[in-house]
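Everything below belongs to final00.txt, which stores compact mmCIF, C-alpha atoms.
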# COMPACT_ATOMS: atom_id res chain seq x y z
CA MET D 1 6.28 111.81 193.15
CA GLN D 2 8.48 110.72 196.05
CA ASN D 3 10.59 113.24 197.93
CA LYS D 4 13.83 111.60 196.79
CA THR D 5 12.78 111.88 193.16
CA ILE D 6 11.80 115.50 193.61
CA LYS D 7 15.17 116.26 195.20
CA THR D 8 16.99 114.64 192.27
CA TRP D 9 15.05 116.65 189.69
CA SER D 10 15.47 119.80 191.79
CA TRP D 11 19.23 119.29 191.88
CA LEU D 12 19.31 118.82 188.09
CA HIS D 13 17.18 121.91 187.50
CA LYS D 14 19.15 124.06 189.92
CA TRP D 15 22.64 123.33 188.66
CA SER D 16 21.87 123.04 184.95
CA SER D 17 20.10 126.40 185.20
CA LEU D 18 22.80 128.11 187.24
CA ILE D 19 25.65 126.98 184.98
CA CYS D 20 24.02 128.05 181.72
CA THR D 21 21.98 131.09 182.81
CA VAL D 22 24.59 133.81 182.23
CA PHE D 23 25.43 132.47 178.78
CA MET D 24 21.76 132.01 177.87
CA LEU D 25 21.11 135.60 178.92
CA LEU D 26 23.95 136.69 176.63
CA LEU D 27 22.51 134.64 173.75
CA CYS D 28 19.01 136.05 174.28
CA LEU D 29 20.28 139.64 174.46
CA THR D 30 22.44 139.28 171.34
CA GLY D 31 19.80 137.24 169.54
CA LEU D 32 17.16 139.97 169.89
CA PRO D 33 18.76 142.39 167.38
CA LEU D 34 19.70 139.46 165.12
CA ILE D 35 15.99 138.66 164.68
CA PHE D 36 15.66 142.05 162.96
CA HIS D 37 19.08 142.14 161.30
CA HIS D 38 17.71 143.20 157.91
CA GLU D 39 15.60 145.99 159.41
CA ILE D 40 18.47 147.22 161.59
CA GLY D 41 20.77 147.08 158.55
CA HIS D 42 18.40 149.37 156.64
CA LEU D 43 18.29 151.81 159.57
CA LEU D 44 22.08 151.82 159.85
CA GLY D 45 22.49 152.13 156.10
CA THR D 46 24.52 148.94 155.79
CA GLU D 47 22.04 147.03 153.58
CA VAL D 48 22.74 147.10 149.85
CA GLU D 49 19.76 148.05 147.68
CA SER D 50 19.53 147.90 143.91
CA PRO D 51 18.26 150.96 141.98
CA GLU D 52 14.77 150.93 140.48
CA MET D 53 14.65 149.63 136.90
CA PRO D 54 11.97 148.07 134.67
CA ALA D 55 11.22 144.47 135.60
CA ASP D 56 12.26 143.21 132.17
CA THR D 57 15.73 144.78 132.29
CA PRO D 58 18.16 142.13 130.99
CA ARG D 59 20.83 140.76 133.29
CA VAL D 60 24.55 140.55 132.62
CA SER D 61 26.30 137.20 132.59
CA VAL D 62 27.88 135.70 135.68
CA ASP D 63 31.26 136.01 133.94
CA LYS D 64 30.75 139.78 133.71
CA VAL D 65 29.95 139.90 137.43
CA MET D 66 33.12 137.94 138.15
CA ALA D 67 35.23 140.27 136.00
CA VAL D 68 33.84 143.36 137.77
CA ALA D 69 34.60 141.84 141.18
CA LYS D 70 38.13 140.88 140.16
CA ALA D 71 38.77 144.41 138.90
CA GLN D 72 38.06 145.78 142.39
CA HIS D 73 40.60 143.51 144.08
CA PRO D 74 42.96 142.07 141.44
CA ASP D 75 45.25 140.64 144.12
CA ARG D 76 42.45 138.45 145.53
CA VAL D 77 40.46 135.43 144.36
CA VAL D 78 36.69 134.98 144.39
CA GLN D 79 35.76 132.33 146.94
CA PHE D 80 31.99 132.53 146.70
CA LEU D 81 29.43 134.22 144.46
CA PHE D 82 25.77 134.48 145.44
CA PRO D 83 22.62 136.55 144.84
CA ASP D 84 21.05 138.48 147.68
CA GLU D 85 18.29 136.51 149.40
CA ASP D 86 15.87 139.45 149.34
CA ASP D 87 16.93 141.15 146.11
CA ALA D 88 17.92 138.96 143.16
CA ASN D 89 19.22 142.06 141.35
CA VAL D 90 22.24 142.17 143.66
CA TRP D 91 25.21 139.80 143.42
CA PHE D 92 27.76 139.44 146.21
CA ALA D 93 31.31 138.28 145.56
CA THR D 94 33.41 137.21 148.54
CA MET D 95 37.12 137.78 147.85
CA THR D 96 40.11 136.54 149.83
CA PRO D 97 43.92 136.41 149.40
CA THR D 98 43.79 132.63 148.74
CA PRO D 99 41.02 130.03 148.31
CA ALA D 100 41.75 128.66 151.80
CA PRO D 101 39.33 129.57 154.64
CA THR D 102 40.24 132.89 156.25
CA ASP D 103 38.74 135.81 158.14
CA ASP D 104 40.49 138.24 155.77
CA PHE D 105 37.80 138.79 153.17
CA ARG D 106 36.31 141.62 151.13
CA THR D 107 32.81 141.72 149.70
CA VAL D 108 31.77 143.42 146.47
CA ALA D 109 28.07 144.04 145.73
CA ILE D 110 27.32 144.22 142.01
CA ASP D 111 24.14 145.13 140.11
CA ALA D 112 23.01 142.00 138.21
CA ARG D 113 21.53 144.10 135.39
CA THR D 114 24.22 146.66 134.71
CA GLY D 115 27.35 145.11 136.20
CA ALA D 116 27.93 148.29 138.20
CA VAL D 117 29.49 148.14 141.66
CA LEU D 118 26.83 149.09 144.19
CA ALA D 119 28.93 148.92 147.35
CA GLN D 120 31.74 147.13 149.11
CA PRO D 121 30.10 146.41 152.47
CA ARG D 122 32.13 145.19 155.42
CA PHE D 123 30.52 142.29 157.25
CA ASP D 124 33.38 141.94 159.74
CA GLU D 125 32.82 145.12 161.72
CA GLY D 126 30.10 147.19 163.33
CA PHE D 127 27.38 146.59 165.91
CA MET D 128 25.59 143.71 164.14
CA TRP D 129 28.86 141.86 163.52
CA VAL D 130 29.73 142.07 167.24
CA MET D 131 26.25 140.77 168.14
CA PHE D 132 26.61 137.93 165.63
CA LYS D 133 30.06 136.86 166.82
CA LEU D 134 29.03 136.90 170.47
CA HIS D 135 25.94 134.88 169.64
CA VAL D 136 27.70 132.31 167.46
CA ASP D 137 31.11 131.64 168.99
CA LEU D 138 32.03 134.27 171.63
CA PHE D 139 34.89 135.35 169.30
CA ALA D 140 36.51 131.97 169.99
CA GLY D 141 35.89 130.10 166.73
CA LEU D 142 34.96 126.41 166.83
CA PRO D 143 35.81 125.96 170.57
CA GLY D 144 33.45 128.83 171.36
CA MET D 145 30.69 127.29 169.22
CA LEU D 146 31.05 123.91 170.91
CA PHE D 147 31.09 125.53 174.35
CA LEU D 148 27.83 127.34 173.60
CA GLY D 149 26.44 124.07 172.30
CA PHE D 150 27.18 122.47 175.68
CA MET D 151 25.45 125.40 177.41
CA GLY D 152 22.47 124.76 175.13
CA LEU D 153 22.36 121.13 176.23
CA LEU D 154 22.30 122.26 179.86
CA LEU D 155 19.41 124.58 178.96
CA LEU D 156 17.45 121.62 177.56
CA VAL D 157 18.12 119.71 180.79
CA ALA D 158 16.87 122.71 182.78
CA ILE D 159 13.71 122.89 180.66
CA VAL D 160 12.89 119.19 181.02
CA SER D 161 13.57 119.18 184.76
CA GLY D 162 11.52 122.36 185.17
CA VAL D 163 8.55 120.71 183.46
CA VAL D 164 8.85 117.68 185.75
CA LEU D 165 8.93 119.91 188.84
CA TYR D 166 6.13 122.24 187.73
CA SER D 167 3.27 119.98 188.78
CA PRO D 168 4.40 119.04 192.32
CA PHE D 169 5.49 122.59 193.16
CA MET D 170 2.39 124.28 191.71
CA ARG D 171 -0.29 121.74 192.70
CA LYS D 172 -1.73 124.04 195.40
CA LEU D 173 -2.01 127.05 193.06
CA GLU D 174 -4.22 127.83 190.09
CA PHE D 175 -2.46 127.82 186.73
CA GLY D 176 -0.91 131.22 186.13
CA GLU D 177 -1.54 132.50 189.64
CA VAL D 178 0.90 135.13 190.92
CA ARG D 179 0.72 135.71 194.69
CA ARG D 180 1.06 139.49 194.69
CA GLU D 181 0.31 139.80 198.40
CA ASN D 182 3.43 137.82 199.33
CA SER D 183 7.07 138.85 199.43
CA PRO D 184 8.84 140.06 196.23
CA ARG D 185 10.72 136.78 196.06
CA ILE D 186 7.47 134.74 196.06
CA LYS D 187 5.98 137.01 193.37
CA TRP D 188 9.06 136.56 191.20
CA LEU D 189 8.96 132.80 191.81
CA ASP D 190 5.38 132.63 190.54
CA LEU D 191 6.20 134.86 187.57
CA HIS D 192 9.27 132.74 186.81
CA ASN D 193 7.14 129.57 186.80
CA LEU D 194 4.38 131.16 184.71
CA LEU D 195 6.63 132.57 181.99
CA GLY D 196 8.72 129.42 182.03
CA ILE D 197 5.74 127.18 181.25
CA VAL D 198 4.36 129.65 178.66
CA THR D 199 7.64 129.86 176.74
CA LEU D 200 8.37 126.16 177.19
CA VAL D 201 7.90 124.92 173.62
CA TRP D 202 9.50 127.95 171.98
CA LEU D 203 12.52 127.88 174.27
CA PHE D 204 13.00 124.15 173.72
CA VAL D 205 12.83 124.59 169.92
CA VAL D 206 15.22 127.56 169.91
CA GLY D 207 17.57 125.81 172.33
CA ALA D 208 17.59 122.56 170.33
CA THR D 209 18.13 124.34 166.99
CA GLY D 210 20.87 126.42 168.59
CA VAL D 211 22.67 123.25 169.70
CA ILE D 212 22.39 121.85 166.16
CA ASN D 213 23.76 125.09 164.69
CA THR D 214 26.87 124.89 166.86
CA LEU D 215 27.70 121.61 165.12
CA ALA D 216 27.68 123.20 161.66
CA ASP D 217 31.42 123.02 161.01
CA PRO D 218 31.89 119.37 162.08
CA LEU D 219 28.76 118.30 160.17
CA ILE D 220 29.90 120.03 156.96
CA LYS D 221 33.38 118.52 157.21
CA TYR D 222 31.90 115.06 157.75
CA TRP D 223 29.56 115.59 154.79
CA GLN D 224 32.49 116.47 152.56
CA TYR D 225 34.43 113.44 153.74
CA ASP D 226 31.42 111.12 153.53
CA GLN D 227 30.10 112.08 150.09
CA LEU D 228 32.78 113.94 148.18
CA SER D 229 35.72 111.59 148.77
CA ALA D 230 34.32 108.96 146.37
CA VAL D 231 33.30 111.58 143.81
CA LEU D 232 36.77 113.14 143.79
CA GLN D 233 38.66 109.85 143.54
CA PRO D 234 39.34 110.28 139.77
CA TYR D 235 40.95 113.67 140.47
CA GLN D 236 43.41 112.45 143.08
CA GLY D 237 46.96 113.61 142.35
CA LYS D 238 45.91 116.21 139.80
CA PRO D 239 46.85 119.87 140.49
CA PRO D 240 44.13 122.47 141.16
CA VAL D 241 42.68 124.06 138.04
CA PRO D 242 44.47 127.40 137.35
CA GLU D 243 42.18 130.39 136.85
CA ALA D 244 43.44 130.87 133.28
CA GLU D 245 42.27 127.34 132.34
CA ARG D 246 38.79 127.55 133.80
CA ALA D 247 35.71 127.53 131.61
CA SER D 248 32.85 130.03 131.78
CA VAL D 249 31.23 130.37 135.21
CA GLN D 250 27.93 131.13 133.48
CA GLY D 251 28.35 127.81 131.70
CA SER D 252 28.84 126.04 135.04
CA LEU D 253 25.66 127.60 136.40
CA ASP D 254 23.66 126.71 133.28
CA ALA D 255 24.93 123.11 133.39
CA ALA D 256 23.91 122.78 137.05
CA LEU D 257 20.43 124.17 136.40
CA ARG D 258 19.97 121.72 133.50
CA GLN D 259 21.09 118.86 135.73
CA VAL D 260 18.60 119.72 138.50
CA PRO D 261 15.70 121.63 136.88
CA GLY D 262 13.20 123.60 138.91
CA LYS D 263 15.82 124.93 141.32
CA ALA D 264 17.32 128.35 141.99
CA LEU D 265 20.87 129.37 142.77
CA SER D 266 21.94 129.60 146.40
CA PHE D 267 25.68 130.19 145.87
CA ILE D 268 28.69 129.11 143.83
CA ALA D 269 31.88 127.88 145.53
CA PHE D 270 35.02 128.01 143.39
CA PRO D 271 37.94 125.54 143.16
CA GLY D 272 39.98 125.10 146.32
CA THR D 273 37.50 126.74 148.69
CA ALA D 274 36.00 125.14 151.79
CA PHE D 275 32.77 124.13 150.01
CA SER D 276 34.30 122.85 146.80
CA SER D 277 37.20 120.78 145.49
CA PRO D 278 40.37 121.95 143.71
CA HIS D 279 38.82 120.84 140.41
CA HIS D 280 35.18 121.98 140.49
CA ASN D 281 32.87 124.92 140.50
CA THR D 282 30.35 123.65 143.03
CA VAL D 283 26.93 125.15 142.37
CA PHE D 284 24.57 124.96 145.35
CA LEU D 285 20.92 125.00 144.29
CA LYS D 286 17.82 125.52 146.42
CA GLY D 287 14.06 125.14 146.08
CA ASN D 288 11.61 127.89 145.22
CA GLU D 289 9.18 127.45 148.11
CA PRO D 290 9.61 128.97 151.61
CA PHE D 291 10.58 125.61 153.10
CA THR D 292 12.55 124.09 150.21
CA ALA D 293 14.45 127.36 149.78
CA ARG D 294 16.31 126.37 152.95
CA LEU D 295 17.42 123.02 151.53
CA ILE D 296 20.38 122.96 149.16
CA GLN D 297 21.77 120.44 146.70
CA PRO D 298 25.36 120.65 145.46
CA VAL D 299 26.15 120.13 141.80
CA LEU D 300 29.84 119.54 141.08
CA VAL D 301 30.80 120.96 137.68
CA ASP D 302 34.27 120.37 136.25
CA ALA D 303 35.93 123.79 136.23
CA LYS D 304 37.75 123.03 132.93
CA THR D 305 35.02 121.42 130.87
CA ASN D 306 31.75 122.47 132.56
CA GLU D 307 30.70 118.83 132.66
CA VAL D 308 28.60 117.81 135.64
CA THR D 309 30.53 115.29 137.71
CA ALA D 310 27.95 114.61 140.42
CA ALA D 311 24.83 116.02 142.03
CA PRO D 312 24.46 114.12 145.32
CA PRO D 313 21.40 114.92 147.45
CA SER D 314 22.12 116.41 150.84
CA PRO D 315 22.04 113.84 153.68
CA TRP D 316 19.51 114.08 156.48
CA TYR D 317 21.89 115.66 158.99
CA ILE D 318 22.71 118.52 156.61
CA ASN D 319 19.01 119.06 155.90
CA THR D 320 18.38 119.16 159.65
CA LEU D 321 21.08 121.79 160.01
CA LEU D 322 19.73 123.88 157.13
CA VAL D 323 16.17 123.78 158.46
CA SER D 324 17.23 124.61 162.02
CA GLN D 325 19.15 127.75 161.09
CA PRO D 326 16.21 129.93 159.95
CA LEU D 327 13.91 128.39 162.57
CA HIS D 328 16.35 129.49 165.26
CA PHE D 329 15.99 133.16 164.26
CA GLY D 330 12.35 133.10 163.12
CA ASP D 331 13.09 133.64 159.43
CA TYR D 332 10.23 131.52 158.06
CA GLY D 333 7.13 133.65 158.57
CA GLY D 334 8.15 137.21 157.76
CA ARG D 335 7.47 140.15 160.08
CA PRO D 336 4.70 138.51 162.22
CA MET D 337 6.97 135.59 163.11
CA GLN D 338 9.83 137.99 163.88
CA ILE D 339 7.61 139.87 166.33
CA VAL D 340 6.47 136.64 168.00
CA TRP D 341 10.11 135.51 168.28
CA ALA D 342 11.09 138.87 169.81
CA VAL D 343 8.27 138.79 172.39
CA LEU D 344 9.17 135.24 173.42
CA ASP D 345 12.85 136.20 173.54
CA ILE D 346 12.06 139.04 175.95
CA ALA D 347 9.93 136.70 178.08
CA THR D 348 12.84 134.26 178.20
CA ILE D 349 15.17 137.03 179.35
CA ILE D 350 12.75 137.64 182.23
CA VAL D 351 12.66 133.90 183.03
CA LEU D 352 16.45 133.65 183.08
CA GLY D 353 16.90 136.89 185.03
CA SER D 354 14.27 135.96 187.59
CA GLY D 355 15.85 132.53 188.04
CA LEU D 356 19.18 134.17 188.78
CA TYR D 357 17.49 136.61 191.17
CA LEU D 358 15.68 133.80 193.02
CA TRP D 359 18.96 132.03 193.64
CA LEU D 360 20.81 135.17 194.76
CA ALA D 361 17.93 136.40 196.92
CA LYS D 362 17.24 133.16 198.77
CA PRO D 363 16.60 133.69 202.51
CA GLN D 364 19.74 134.10 204.63
CA GLY D 365 20.55 131.14 206.83
CA ALA D 366 18.21 128.74 205.04
CA ALA D 367 20.99 126.33 204.24
CA ARG D 368 22.26 126.44 207.81
CA ARG D 369 18.78 125.73 209.20
CA ARG D 370 18.44 122.73 206.91
CA ARG D 371 21.82 121.40 208.04
CA ASP D 372 20.96 121.88 211.72
CA ALA D 373 17.63 120.13 211.29
CA SER D 374 19.34 117.12 209.75
CA LYS D 375 21.85 116.70 212.65
CA PRO D 376 21.01 114.33 215.55
CA GLN D 377 20.39 116.10 218.86
CA ASP D 378 23.04 115.72 221.59
CA GLU D 379 22.36 113.67 224.74
CA SER D 380 21.82 116.66 227.01
CA ALA D 381 19.15 118.01 224.72
CA VAL D 382 17.42 114.65 224.62
CA THR D 383 17.46 114.08 228.39
CA SER D 384 16.32 117.55 229.15

Representation of the structure as structure tokens:
Amino acid sequence: MQNKTIKTWSWLHKWSSLICTVFMLLLCLTGLPLIFHHEIGHLLGTEVESPEMPADTPRVSVDKVMAVAKAQHPDRVVQFLFPDEDDANVWFATMTPTPAPTDDFRTVAIDARTGAVLAQPRFDEGFMWVMFKLHVDLFAGLPGMLFLGFMGLLLLVAIVSGVVLYSPFMRKLEFGEVRRENSPRIKWLDLHNLLGIVTLVWLFVVGATGVINTLADPLIKYWQYDQLSAVLQPYQGKPPVPEAERASVQGSLDAALRQVPGKALSFIAFPGTAFSSPHHNTVFLKGNEPFTARLIQPVLVDAKTNEVTAAPPSPWYINTLLVSQPLHFGDYGGRPMQIVWAVLDIATIIVLGSGLYLWLAKPQGAARRRRDASKPQDESAVTS
């Protein structure tokens, strides 16, 4: 590789790394507890657990669950209803003042077998909520998400440029060699290069999926515009369905499961909410396998009649988003994958921290010496 090419790649690696490093460190530090959010929730006592009962205990209807939730907050509406991912015996109802998107929500956890209220957990406070908000949007909403997405793009540039530079800069050393007899800065440089190349694939995957996740809101809005506008054309001009005129929610769920057999419920979005229309109970179904459980298919059920209006398959960009979310946090392979993700996260923290240290601890006067060497000598120096 020619010197000019190396300088170009070095410039790209230096500045893409420097600009994104602080934010990537923040994301790695906040992402570490999020990998074990369920386990930390159990330790903190914030996870809802259903009481032990015989496996064949019958379940109450979804309408009963809705009635119990409404009784807890009669001045609110149910936006979403969904079973717990890890315990199907627990239903969660998200309740807000109006169907419109808002941060003012209450959650009611209900036993699916008895209809008893198990808890009213708050997901908008506490240590894990702070970690989540910092990791997702820096408490800045969509602008914060898009900003972190741009930082993720710079990280990908830093990774690619680092790979390009690895060979010419390490050609005189054995792979993985750390020159312990040299100065601390040289030892950290070798360690930085070693851990960087070891974590290369993982960091690229996590960085790329993180960038995709920051586009969740725009992708969902485009999906609704792209697919639902034609489906909802017959309902244009009609008022939203009042709660008193809505049919059974259990009937909506049963109709959706008949329409798309072999699926399980992910969540139900009610009329007027962000994931539905003013006229439908939108039932989101998922597969039963570890991979297909991450892919959802909406079934639009008329809230008045419980007739299925449409069941469009999710487009490729939504499937990409849904697959990237659990991959980003290592949710596919259980505890072993969580541990691997945590180890690689810690290694990445060392890579980012050492990169920052190498820039801050560069030899004093190095830049001045390079500038002096590039200047032409004056006439007296030449003649002498």

Using all atoms listed in the file, what does the table of region 113-230 of chain D residues within 12 Å of region 73-95 of chain D look like, with each row giving the shortest atom pair and its distance in Å to one decimal, sorted by chain and ascending number, as CSV?
residue,atom,partner,partner_atom,distance
D:Arg113,CA,D:Asn89,CA,6.7
D:Thr114,CA,D:Asn89,CA,9.5
D:Gly115,CA,D:Trp91,CA,9.2
D:Ala116,CA,D:Val90,CA,10.0
D:Val117,CA,D:Trp91,CA,9.5
D:Leu118,CA,D:Val90,CA,8.3
D:Ala119,CA,D:Phe92,CA,9.6
D:Gln120,CA,D:Phe92,CA,9.1
D:Pro121,CA,D:Phe92,CA,9.7
D:Arg122,CA,D:Thr94,CA,10.6
D:Phe123,CA,D:Thr94,CA,10.5

### Query
How far is it from CA of Leu153 (chain D) to CA of Ala293 (chain D), in Å with one decimal?
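Value for the CA of Leu153 (chain D)-CA of Ala293 (chain D) distance: 28.3 Å.
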
### Task
Could you please determine the separation between CA of Leu228 (chain D) and CA of Ala216 (chain D) in Å, to one decimal place?
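Between these atoms lies a distance of 17.1 Å.
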
### Task
Tell me which protein, DNA and RNA residues are within 12 Å of Thr57 (chain D), counting all atoms listed in the file, leaving out same-chain ones fewer than 3 positions away, and put them as a PyMOL selection string.
chain D and resi 51-54+60+89+111-114

### Message
Within 10 Å of (35.0, 112.3, 139.9) (file coordinates; all atoms listed in the file), which protein or nucleic acid residues are there? I'd like them as a PyMOL selection string.
### Response
chain D and resi 228-236+279-280+300-302+308-310

### Query
Of the residues D:Lys238, D:Met128, D:Tyr166, D:Trp15, which is the one nearest to Leu32 (chain D), using all atoms listed in the file?
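Counting all atoms listed in the file, the residue closest to Leu32 (chain D) is D:Met128.
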
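Straight-line separation from CA of Phe105 (chain D) to CA of Val65 (chain D): 17.6 Å.
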
### Query
Near Glu307 (chain D), within 12 Å and counting only C-alpha atoms, which residues show up once chain neighbours fewer than 4 positions away are dropped, as a PyMOL selection string?
chain D and resi 246-249+251-256+258-259+279-282+299-303+311

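Restricting the calculation to only C-alpha atoms, the smallest distance between Pro312 (chain D) and any of D:Pro242, D:Glu125, D:Gln224, D:Ile350 is found for D:Gln224.
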
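Restricting the calculation to all atoms listed in the file, the smallest distance between Trp202 (chain D) and any of D:Pro168, D:Gly31, D:Pro298, D:Gly330 is found for D:Gly330.
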
### Summary
Between D:Val160, D:Ser276, D:Leu344, D:Phe267, smallest distance to Pro101 (chain D) by only C-alpha atoms belongs to D:Ser276

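Considering the residues D:Val351, D:His13, D:Ile212, D:Arg335 and counting only C-alpha atoms, Leu321 (chain D) has its shortest atom-to-atom contact with D:Ile212.
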
### Task
Rank D:Thr21, D:Gln227, D:Gln2, D:Gln325 by their smallest atom-to-atom distance to Thr214 (chain D), using all atoms listed in the file, and report the top residue only.
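Among D:Thr21, D:Gln227, D:Gln2, D:Gln325, it is D:Gln325 that comes nearest to Thr214 (chain D).
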